[in-house]
Each structure stands twice: as C-alpha cells, then as structure tokens.
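Here's target36.txt, which has compact mmCIF, C-alpha atoms and all ligand atoms:
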# COMPACT_ATOMS: atom_id res chain seq x y z
CA ASN A 1 -47.02 118.78 -60.58
CA MET A 2 -45.01 118.08 -57.44
CA ALA A 3 -47.14 115.20 -56.19
CA ALA A 4 -47.04 113.35 -59.49
CA GLY A 5 -43.29 114.01 -59.65
CA ALA A 6 -42.81 112.34 -56.30
CA GLU A 7 -44.89 109.34 -57.30
CA THR A 8 -43.18 108.84 -60.62
CA PHE A 9 -39.76 109.04 -59.03
CA SER A 10 -37.25 107.23 -61.15
CA LEU A 11 -33.64 106.30 -60.70
CA ARG A 12 -33.13 107.91 -64.10
CA GLU A 13 -33.03 111.37 -62.43
CA VAL A 14 -30.23 110.21 -60.19
CA LEU A 15 -28.15 108.95 -63.05
CA VAL A 16 -28.85 112.06 -65.14
CA ALA A 17 -27.57 114.24 -62.27
CA PHE A 18 -24.32 112.31 -62.20
CA THR A 19 -23.94 112.68 -65.97
CA ALA A 20 -23.97 116.47 -65.42
CA CYS A 21 -21.19 116.41 -62.81
CA VAL A 22 -18.08 116.56 -64.94
CA SER A 23 -17.23 119.96 -66.41
CA GLU A 24 -15.34 120.59 -69.64
CA GLN A 25 -12.18 121.10 -67.57
CA ARG A 26 -12.78 117.66 -66.03
CA GLU A 27 -13.75 119.15 -62.70
CA VAL A 28 -16.45 117.60 -60.52
CA ARG A 29 -19.33 120.00 -59.93
CA VAL A 30 -20.67 119.89 -56.40
CA ASP A 31 -24.33 120.87 -57.05
CA PRO A 32 -25.23 118.06 -59.48
CA TYR A 33 -23.28 115.66 -57.28
CA LEU A 34 -25.48 116.59 -54.32
CA ALA A 35 -28.58 116.47 -56.53
CA GLY A 36 -27.64 112.92 -57.52
CA TRP A 37 -27.20 111.96 -53.89
CA LYS A 38 -30.52 113.50 -52.88
CA GLY A 39 -32.27 111.43 -55.52
CA LEU A 40 -30.43 108.38 -54.28
CA VAL A 41 -31.63 109.07 -50.75
CA ARG A 42 -35.23 109.28 -51.98
CA PHE A 43 -34.69 105.99 -53.75
CA LEU A 44 -33.27 104.36 -50.60
CA ASN A 45 -36.26 105.62 -48.63
CA CYS A 46 -38.55 103.91 -51.19
CA LEU A 47 -36.84 100.65 -50.31
CA GLY A 48 -38.28 100.79 -46.82
CA THR A 49 -37.59 102.02 -43.34
CA ILE A 50 -34.70 99.59 -42.90
CA PHE A 51 -32.77 101.65 -45.41
CA SER A 52 -33.47 104.91 -43.67
CA PHE A 53 -30.57 104.33 -41.29
CA ILE A 54 -28.33 104.04 -44.34
CA SER A 55 -29.72 107.19 -45.91
CA LYS A 56 -29.64 109.18 -42.65
CA ASP A 57 -25.88 109.56 -42.60
CA ALA A 58 -25.84 110.42 -46.30
CA VAL A 59 -28.42 113.17 -45.58
CA THR A 60 -26.21 114.58 -42.82
CA LYS A 61 -23.23 114.63 -45.18
CA ILE A 62 -25.21 116.23 -48.01
CA GLU A 63 -26.42 118.96 -45.63
CA ILE A 64 -22.90 119.75 -44.40
CA ILE A 65 -21.72 120.37 -47.95
CA GLU A 66 -24.92 122.23 -48.86
CA ASN A 67 -24.25 124.57 -45.95
CA TYR A 68 -20.86 125.39 -47.46
CA ARG A 69 -22.61 126.01 -50.78
CA ASN A 70 -24.95 128.46 -49.00
CA SER A 71 -22.21 130.21 -47.00
CA ASP A 72 -20.19 133.33 -47.84
CA GLN A 73 -17.56 130.99 -49.26
CA ARG A 74 -19.98 129.32 -51.67
CA GLU A 75 -17.81 130.03 -54.73
CA LYS A 76 -14.97 128.01 -53.19
CA TYR A 77 -17.24 124.98 -53.09
CA LEU A 78 -18.37 125.09 -56.72
CA THR A 79 -16.24 122.10 -57.66
CA VAL A 80 -14.46 119.41 -55.67
CA GLN A 81 -11.19 120.75 -57.07
CA SER A 82 -11.81 124.29 -55.81
CA MET A 83 -12.99 122.93 -52.44
CA VAL A 84 -9.80 120.90 -51.94
CA GLU A 85 -7.63 123.81 -52.99
CA TYR A 86 -9.43 126.30 -50.75
CA GLU A 87 -9.63 124.13 -47.63
CA LEU A 88 -6.00 122.96 -47.86
CA ALA A 89 -4.62 126.44 -48.54
CA ASN A 90 -6.48 127.80 -45.51
CA GLY A 91 -5.72 125.00 -43.06
CA LEU A 92 -9.37 123.96 -42.85
CA VAL A 93 -8.77 120.20 -43.00
CA ASP A 94 -7.88 117.96 -40.04
CA LEU A 95 -5.23 115.67 -41.52
CA GLN A 96 -4.26 113.49 -38.53
CA GLN A 97 -7.31 113.36 -36.31
CA ARG A 98 -10.65 115.11 -36.12
CA SER A 99 -10.26 118.18 -33.93
CA LYS A 100 -10.59 121.79 -35.09
CA HIS A 101 -12.35 121.01 -38.36
CA PRO A 102 -14.39 117.86 -37.74
CA ASN A 103 -16.72 118.52 -40.66
CA SER A 104 -14.43 119.79 -43.37
CA GLY A 105 -15.79 119.65 -46.89
CA CYS A 106 -12.88 117.37 -47.82
CA ARG A 107 -13.53 114.67 -45.20
CA THR A 108 -17.29 114.87 -45.63
CA PHE A 109 -17.10 114.56 -49.41
CA LEU A 110 -14.69 111.63 -49.03
CA ARG A 111 -17.43 109.64 -47.23
CA LEU A 112 -19.87 110.23 -50.08
CA HIS A 113 -17.12 109.40 -52.56
CA ARG A 114 -16.48 106.02 -50.91
CA ALA A 115 -20.19 105.28 -50.84
CA LEU A 116 -20.43 106.22 -54.53
CA HIS A 117 -17.85 103.53 -55.27
CA TRP A 118 -20.10 100.99 -53.63
CA LEU A 119 -23.10 102.27 -55.57
CA GLN A 120 -21.17 102.01 -58.81
CA MET A 121 -20.15 98.42 -58.09
CA PHE A 122 -23.62 97.50 -56.91
CA LEU A 123 -25.35 98.89 -59.99
CA GLU A 124 -22.77 97.23 -62.22
CA GLY A 125 -23.42 93.90 -60.46
CA LEU A 126 -27.13 94.44 -60.94
CA ARG A 127 -26.69 95.26 -64.60
CA THR A 128 -24.61 92.20 -65.42
CA GLY A 129 -26.34 89.77 -63.02
CA GLU A 130 -28.50 86.80 -63.98
CA ASP A 131 -32.28 87.43 -64.19
CA ASN A 132 -33.05 85.56 -61.00
CA SER A 133 -29.96 86.51 -59.01
CA LYS A 134 -30.40 87.86 -55.52
CA THR A 135 -30.05 91.62 -55.12
CA SER A 136 -29.13 91.02 -51.48
CA VAL A 137 -26.11 88.96 -52.54
CA ILE A 138 -24.95 91.52 -55.13
CA CYS A 139 -25.44 94.25 -52.54
CA SER A 140 -23.53 92.55 -49.72
CA GLU A 141 -20.71 91.29 -51.95
CA THR A 142 -20.04 94.71 -53.40
CA TYR A 143 -20.43 96.35 -49.99
CA ASN A 144 -17.96 93.93 -48.42
CA ALA A 145 -15.49 94.59 -51.23
CA SER A 146 -15.66 98.36 -50.81
CA LEU A 147 -17.41 100.54 -48.23
CA ALA A 148 -17.45 97.90 -45.49
CA ASN A 149 -13.68 98.33 -45.12
CA TYR A 150 -14.32 101.80 -43.69
CA HIS A 151 -17.14 100.80 -41.35
CA PRO A 152 -16.99 99.42 -37.82
CA TRP A 153 -18.49 96.00 -37.07
CA ILE A 154 -21.79 97.33 -35.77
CA ILE A 155 -22.56 99.22 -39.00
CA ARG A 156 -21.51 96.28 -41.18
CA LYS A 157 -23.86 94.11 -39.17
CA ALA A 158 -26.80 96.51 -39.52
CA ALA A 159 -26.14 96.93 -43.24
CA GLY A 160 -26.17 93.15 -43.67
CA VAL A 161 -29.58 92.99 -42.02
CA ALA A 162 -30.93 95.72 -44.30
CA PHE A 163 -29.65 93.98 -47.45
CA CYS A 164 -31.61 90.82 -46.61
CA ALA A 165 -34.81 92.77 -47.20
CA LEU A 166 -33.95 93.50 -50.84
CA PRO A 167 -36.15 91.85 -53.50
CA THR A 168 -34.93 89.75 -56.43
CA ARG A 169 -33.02 91.41 -59.24
CA ASN A 170 -35.94 91.80 -61.65
CA THR A 171 -38.28 93.21 -59.02
CA PHE A 172 -35.53 95.57 -57.93
CA LEU A 173 -34.93 96.74 -61.50
CA GLU A 174 -38.65 97.49 -61.78
CA THR A 175 -38.53 99.45 -58.49
CA MET A 176 -36.19 101.83 -60.28
CA ASN A 177 -39.21 103.00 -62.33
CA VAL A 178 -37.27 103.20 -65.54
CA GLY A 179 -39.55 100.80 -67.40
CA THR A 180 -39.07 97.09 -67.87
CA ALA A 181 -36.13 95.27 -66.32
CA GLU A 182 -34.46 95.28 -69.78
CA GLU A 183 -34.91 99.03 -70.09
CA ALA A 184 -33.47 99.55 -66.61
CA VAL A 185 -30.44 97.45 -67.55
CA ALA A 186 -29.96 99.51 -70.73
CA MET A 187 -30.16 102.73 -68.77
CA LEU A 188 -27.61 101.47 -66.28
CA GLY A 189 -25.30 100.65 -69.17
CA ASP A 190 -25.64 104.21 -70.48
CA ALA A 191 -25.26 105.94 -67.12
CA LEU A 192 -22.63 103.93 -65.29
CA PRO A 193 -19.66 105.23 -67.32
CA TYR A 194 -20.53 108.73 -66.08
CA ILE A 195 -20.58 107.64 -62.44
CA CYS A 196 -17.27 105.83 -63.00
CA GLU A 197 -15.80 109.00 -64.45
CA VAL A 198 -16.93 111.13 -61.49
CA TYR A 199 -15.50 108.52 -59.13
CA LYS A 200 -12.20 108.28 -61.00
CA ILE A 201 -11.57 112.03 -61.20
CA THR A 202 -12.29 112.45 -57.48
CA GLU A 203 -10.13 109.46 -56.55
CA GLU A 204 -7.18 110.86 -58.53
CA LEU A 205 -7.59 114.30 -57.00
CA TYR A 206 -7.69 112.91 -53.46
CA ALA A 207 -4.72 110.61 -54.12
CA GLN A 208 -2.71 113.48 -55.55
CA HIS A 209 -3.27 115.52 -52.40
CA LYS A 210 -2.87 112.49 -50.09
CA LEU A 211 -6.39 112.92 -48.73
CA LEU A 212 -7.70 109.38 -49.13
CA ASP A 213 -7.36 108.56 -45.41
CA LEU A 214 -8.80 111.74 -43.91
CA PRO A 215 -10.07 111.04 -40.36
C1 LIG A 301 -29.07 99.79 -52.54
C2 LIG A 301 -27.65 100.28 -52.50
C3 LIG A 301 -27.54 101.78 -52.42
C4 LIG A 301 -26.18 102.31 -52.01
C5 LIG A 301 -26.26 103.66 -51.38
C6 LIG A 301 -25.05 104.06 -50.60
C7 LIG A 301 -25.36 104.68 -49.27
C8 LIG A 301 -24.19 104.52 -48.33
C9 LIG A 301 -24.42 104.99 -46.94
C10 LIG A 301 -23.87 104.04 -45.89
C11 LIG A 301 -24.03 104.60 -44.52
C12 LIG A 301 -23.94 103.60 -43.39
C13 LIG A 301 -24.08 104.22 -42.01
C14 LIG A 301 -23.15 105.36 -41.71
C15 LIG A 301 -21.83 105.23 -41.54
C16 LIG A 301 -20.87 106.38 -41.27
O1 LIG A 301 -20.16 106.10 -40.10
C17 LIG A 301 -19.93 106.50 -42.46
N1 LIG A 301 -20.61 107.13 -43.54
C18 LIG A 301 -20.59 106.65 -44.81
C19 LIG A 301 -21.39 107.40 -45.84
O2 LIG A 301 -19.97 105.68 -45.15
C20 LIG A 301 -18.64 107.25 -42.15
O3 LIG A 301 -18.93 108.57 -41.78
P1 LIG A 301 -18.21 109.17 -40.46
O4 LIG A 301 -18.68 108.31 -39.28
O5 LIG A 301 -16.72 109.06 -40.68
O6 LIG A 301 -18.69 110.59 -40.36
Show me this structure written as structure tokens.
Ligand code: 1PW
Amino acid sequence: NMAAGAETFSLREVLVAFTACVSEQREVRVDPYLAGWKGLVRFLNCLGTIFSFISKDAVTKIEIIENYRNSDQREKYLTVQSMVEYELANGLVDLQQRSKHPNSGCRTFLRLHRALHWLQMFLEGLRTGEDNSKTSVICSETYNASLANYHPWIIRKAAGVAFCALPTRNTFLETMNVGTAEEAVAMLGDALPYICEVYKITEELYAQHKLLDLP
C-alpha cells in the first residue's frame, strides 16, 4: 500500500539503507547510499517548506549520480571505489576548477559526503542531548562545525533561518516516526555506527586520492 507507506514514513528506513551500504570488501555501494539520501529528502520535506531549499540541492546531486547509474557506464558506478577509479583513469574529473566535467560523479558525491558528516553529527547530538534541549541549537552547532565551512555566507544565513523552525528535541524525535523518543534514541544508537563507517571509508578513499577539495 503506497499511500500508507508514505504516511507511515519513518527515519528507520533511512538508517536501514545506510546499514546496507558497506560491502564485505568494505566498499561503499552507491544504490543504498542514494536510497538513504532519498529517504532523508522525504524526511526533510516533512519538516516543512523551509527545508525544501536544503533538500533541493541534495535532490539535484542524487539525480546526477542516478543518471550515471542508468547510463551505459552503470557498472562503473556500482561502488564509490569503482567510480573514483573509473573517473580518474579516464580523466573525467576536474581537479583544479570546474570546466570540462562540472558534474563528475566524484565532485557530486563529495557534496553528499560532506552533508552526511553533518547529518551524522546532528543525529549524534540529538541522541546524546538533554530531553528539553533545542534541536535548532544542535542543528546549527553541528552545521557550523562541519558543512558550513564549505558554504558561502548567503547559504549559511538561509540555513540558520531554517534551523530556527525546528521543534524541541522530544518533538523532533517523535517526528522521526520510530516510536517514543526513547525508542528513537535507541534506534539512533544502533544505526549511527553504520553511518560513521560509510563516512569513514569514503573519507579515507577521497584522502588517499587527494580528492577532498574537488571544485
Ligand atoms: C535536519 C538536518 C538534516 C541534514 C540534512 C543534510 C542536507 C544538506 C544539504 C545542504 C544544502 C544547502 C544548500 C546547497 C548548497 C550547495 O551549494 C552545496 N551543496 C551541499 C549538499 O552542500 C555545494 O554544492 P555545489 O554548489 O558545489 O554544487
């Protein structure tokens, strides 16, 4: 039942997708990664129209990588490792400035990767926060400590405005539709190590290939 599925949307699906990302060879699978992001976008859209500007760019990035997954070269984009190897070996990445390959898989994925770091820190802050702490404060503190460093002033400003609209921690935890606030916290505790692992493997791969500053 599609309609019921949409109504009973839960952040659990998002976290489950990220738990399926890492293969036995410690490679990051692209399809579950995108599935996790798509769920995240639906979640952001539940938070209200203010968040749609945040999700819009994520949607664009997801679609760029999905297009690679639907192209003749789809096999090359099965994992982040194979994507990096393929694009570098074939000169498909702009390393100094965006020119011939403005939407390479590598630079596009890097943006999602940075945003995932923020998400990880935000959810961790939410998990360990006091019952009555402000989600807006957790959100802006973690954003300022991570993703904000890659954003121009105007985006940081707009993000700050959006964060103000976030409800208190307990209400937010209930918005996740995982059950009670306690159950949501328990689920975050179970799922966050998987997100951390996905983040860590990608970060190491990008560092190894000196791709962390791709324009
Ligand atoms: C409630 C907390 C949920 C956290 C979800 C994380 C979503 C992060 C998306 C932030 C997007 C802000 C607006 C877009 C900025 C782009 O310029 C930027 N994209 C990202 C994903 O950071 C950089 O992309 P660009 O301009 O180099 O193509």
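Counting only C-alpha atoms and all ligand atoms and comparing A:Leu126, A:Leu211, A:Leu78, A:Ala20, the residue that lies closest to ligand LIG 301 (chain A) is A:Leu126.
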Go through the chains and note each residue within 9 Å of ligand LIG 301 (chain A), using all atoms listed in the file, then give the set as a ChimeraX atom specification.
/A:37,40-41,43-44,47,51,53-58,60-61,102-103,107-108,110-120,122-123,135-136,139,143,147-148,150-152,155-156,158-159,163,166,214-215
May I have the selected residues written with C-alpha atoms, as a PDB file, keeping the file's coordinate frame?
ATOM      1  CA  TRP A  37     -27.200 111.960 -53.890  1.00  0.00           C
ATOM      2  CA  LEU A  40     -30.430 108.380 -54.280  1.00  0.00           C
ATOM      3  CA  VAL A  41     -31.630 109.070 -50.750  1.00  0.00           C
ATOM      4  CA  PHE A  43     -34.690 105.990 -53.750  1.00  0.00           C
ATOM      5  CA  LEU A  44     -33.270 104.360 -50.600  1.00  0.00           C
ATOM      6  CA  LEU A  47     -36.840 100.650 -50.310  1.00  0.00           C
ATOM      7  CA  PHE A  51     -32.770 101.650 -45.410  1.00  0.00           C
ATOM      8  CA  PHE A  53     -30.570 104.330 -41.290  1.00  0.00           C
ATOM      9  CA  ILE A  54     -28.330 104.040 -44.340  1.00  0.00           C
ATOM     10  CA  SER A  55     -29.720 107.190 -45.910  1.00  0.00           C
ATOM     11  CA  LYS A  56     -29.640 109.180 -42.650  1.00  0.00           C
ATOM     12  CA  ASP A  57     -25.880 109.560 -42.600  1.00  0.00           C
ATOM     13  CA  ALA A  58     -25.840 110.420 -46.300  1.00  0.00           C
ATOM     14  CA  THR A  60     -26.210 114.580 -42.820  1.00  0.00           C
ATOM     15  CA  LYS A  61     -23.230 114.630 -45.180  1.00  0.00           C
ATOM     16  CA  PRO A 102     -14.390 117.860 -37.740  1.00  0.00           C
ATOM     17  CA  ASN A 103     -16.720 118.520 -40.660  1.00  0.00           C
ATOM     18  CA  ARG A 107     -13.530 114.670 -45.200  1.00  0.00           C
ATOM     19  CA  THR A 108     -17.290 114.870 -45.630  1.00  0.00           C
ATOM     20  CA  LEU A 110     -14.690 111.630 -49.030  1.00  0.00           C
ATOM     21  CA  ARG A 111     -17.430 109.640 -47.230  1.00  0.00           C
ATOM     22  CA  LEU A 112     -19.870 110.230 -50.080  1.00  0.00           C
ATOM     23  CA  HIS A 113     -17.120 109.400 -52.560  1.00  0.00           C
ATOM     24  CA  ARG A 114     -16.480 106.020 -50.910  1.00  0.00           C
ATOM     25  CA  ALA A 115     -20.190 105.280 -50.840  1.00  0.00           C
ATOM     26  CA  LEU A 116     -20.430 106.220 -54.530  1.00  0.00           C
ATOM     27  CA  HIS A 117     -17.850 103.530 -55.270  1.00  0.00           C
ATOM     28  CA  TRP A 118     -20.100 100.990 -53.630  1.00  0.00           C
ATOM     29  CA  LEU A 119     -23.100 102.270 -55.570  1.00  0.00           C
ATOM     30  CA  GLN A 120     -21.170 102.010 -58.810  1.00  0.00           C
ATOM     31  CA  PHE A 122     -23.620  97.500 -56.910  1.00  0.00           C
ATOM     32  CA  LEU A 123     -25.350  98.890 -59.990  1.00  0.00           C
ATOM     33  CA  THR A 135     -30.050  91.620 -55.120  1.00  0.00           C
ATOM     34  CA  SER A 136     -29.130  91.020 -51.480  1.00  0.00           C
ATOM     35  CA  CYS A 139     -25.440  94.250 -52.540  1.00  0.00           C
ATOM     36  CA  TYR A 143     -20.430  96.350 -49.990  1.00  0.00           C
ATOM     37  CA  LEU A 147     -17.410 100.540 -48.230  1.00  0.00           C
ATOM     38  CA  ALA A 148     -17.450  97.900 -45.490  1.00  0.00           C
ATOM     39  CA  TYR A 150     -14.320 101.800 -43.690  1.00  0.00           C
ATOM     40  CA  HIS A 151     -17.140 100.800 -41.350  1.00  0.00           C
ATOM     41  CA  PRO A 152     -16.990  99.420 -37.820  1.00  0.00           C
ATOM     42  CA  ILE A 155     -22.560  99.220 -39.000  1.00  0.00           C
ATOM     43  CA  ARG A 156     -21.510  96.280 -41.180  1.00  0.00           C
ATOM     44  CA  ALA A 158     -26.800  96.510 -39.520  1.00  0.00           C
ATOM     45  CA  ALA A 159     -26.140  96.930 -43.240  1.00  0.00           C
ATOM     46  CA  PHE A 163     -29.650  93.980 -47.450  1.00  0.00           C
ATOM     47  CA  LEU A 166     -33.950  93.500 -50.840  1.00  0.00           C
ATOM     48  CA  LEU A 214      -8.800 111.740 -43.910  1.00  0.00           C
ATOM     49  CA  PRO A 215     -10.070 111.040 -40.360  1.00  0.00           C
TER      50      PRO A 215
END
Given all atoms listed in the file as the counted atoms, nearest of A:Cys106, A:Leu95, A:Leu212, A:Val198 to A:Ile65:
A:Cys106
Axis-aligned box over every listed atom of stretch 138-153 of chain A, padded by 8 Å per side: centre and edges in Å to one decimal, as AutoDock Vina command-line options?
--center_x -19.6 --center_y 96.5 --center_z -46.1 --size_x 27.8 --size_y 26.5 --size_z 34.1
What does the distance between atom CA of A:Ser71 and atom CA of A:Leu92 come to in Å, to one decimal place?
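Interatomic distance, atom CA of A:Ser71 to atom CA of A:Leu92: 14.9 Å.
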Spatial sel., origin (-20.2, 122.1, -59.6), limit 7 Å, all atoms listed in the file, listed as a PyMOL selection string
chain A and resi 21+28-32+78-79
Rounded to one decimal, what separation in Å do you get between atom CA of A:Asn132 and atom CA of A:Glu197?
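Distance between the two atoms: 29.3 Å.
The coordinates place atom CA of A:Lys38 at 8.0 Å from atom CA of A:Val14.
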Taking only C-alpha atoms into account, name the residue in A:Ile201, A:Trp153, A:Lys76, A:Lys210 that is nearest to A:Arg26.
A:Ile201
For stretch 179-185 of chain A, find every residue with an atom within 7 Å (counting only C-alpha atoms), except residues of its own chain fewer than 6 positions away, and show them as a PDB file with C-alpha atoms, in the frame of the given file.
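The result, stored in selection23.pdb:
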ATOM      1  CA  ARG A 127     -26.690  95.260 -64.600  1.00  0.00           C
ATOM      2  CA  ASN A 170     -35.940  91.800 -61.650  1.00  0.00           C
ATOM      3  CA  LEU A 173     -34.930  96.740 -61.500  1.00  0.00           C
TER       4      LEU A 173
END
Between A:Gln96, A:Met176, A:Val84, A:Asn45, which residue has the minimum interatomic distance to A:Ala207, considering only C-alpha atoms?
A:Val84
Quick one: of A:Val178, A:Phe18, A:Arg42, A:Lys100, who's nearest to A:Ala191, counting all atoms listed in the file?
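Nearest to A:Ala191: A:Phe18.
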Using only C-alpha atoms, which of A:Gln73, A:Gln81, A:Ser52, A:Ser140 sits nearest A:His209?
A:Gln81
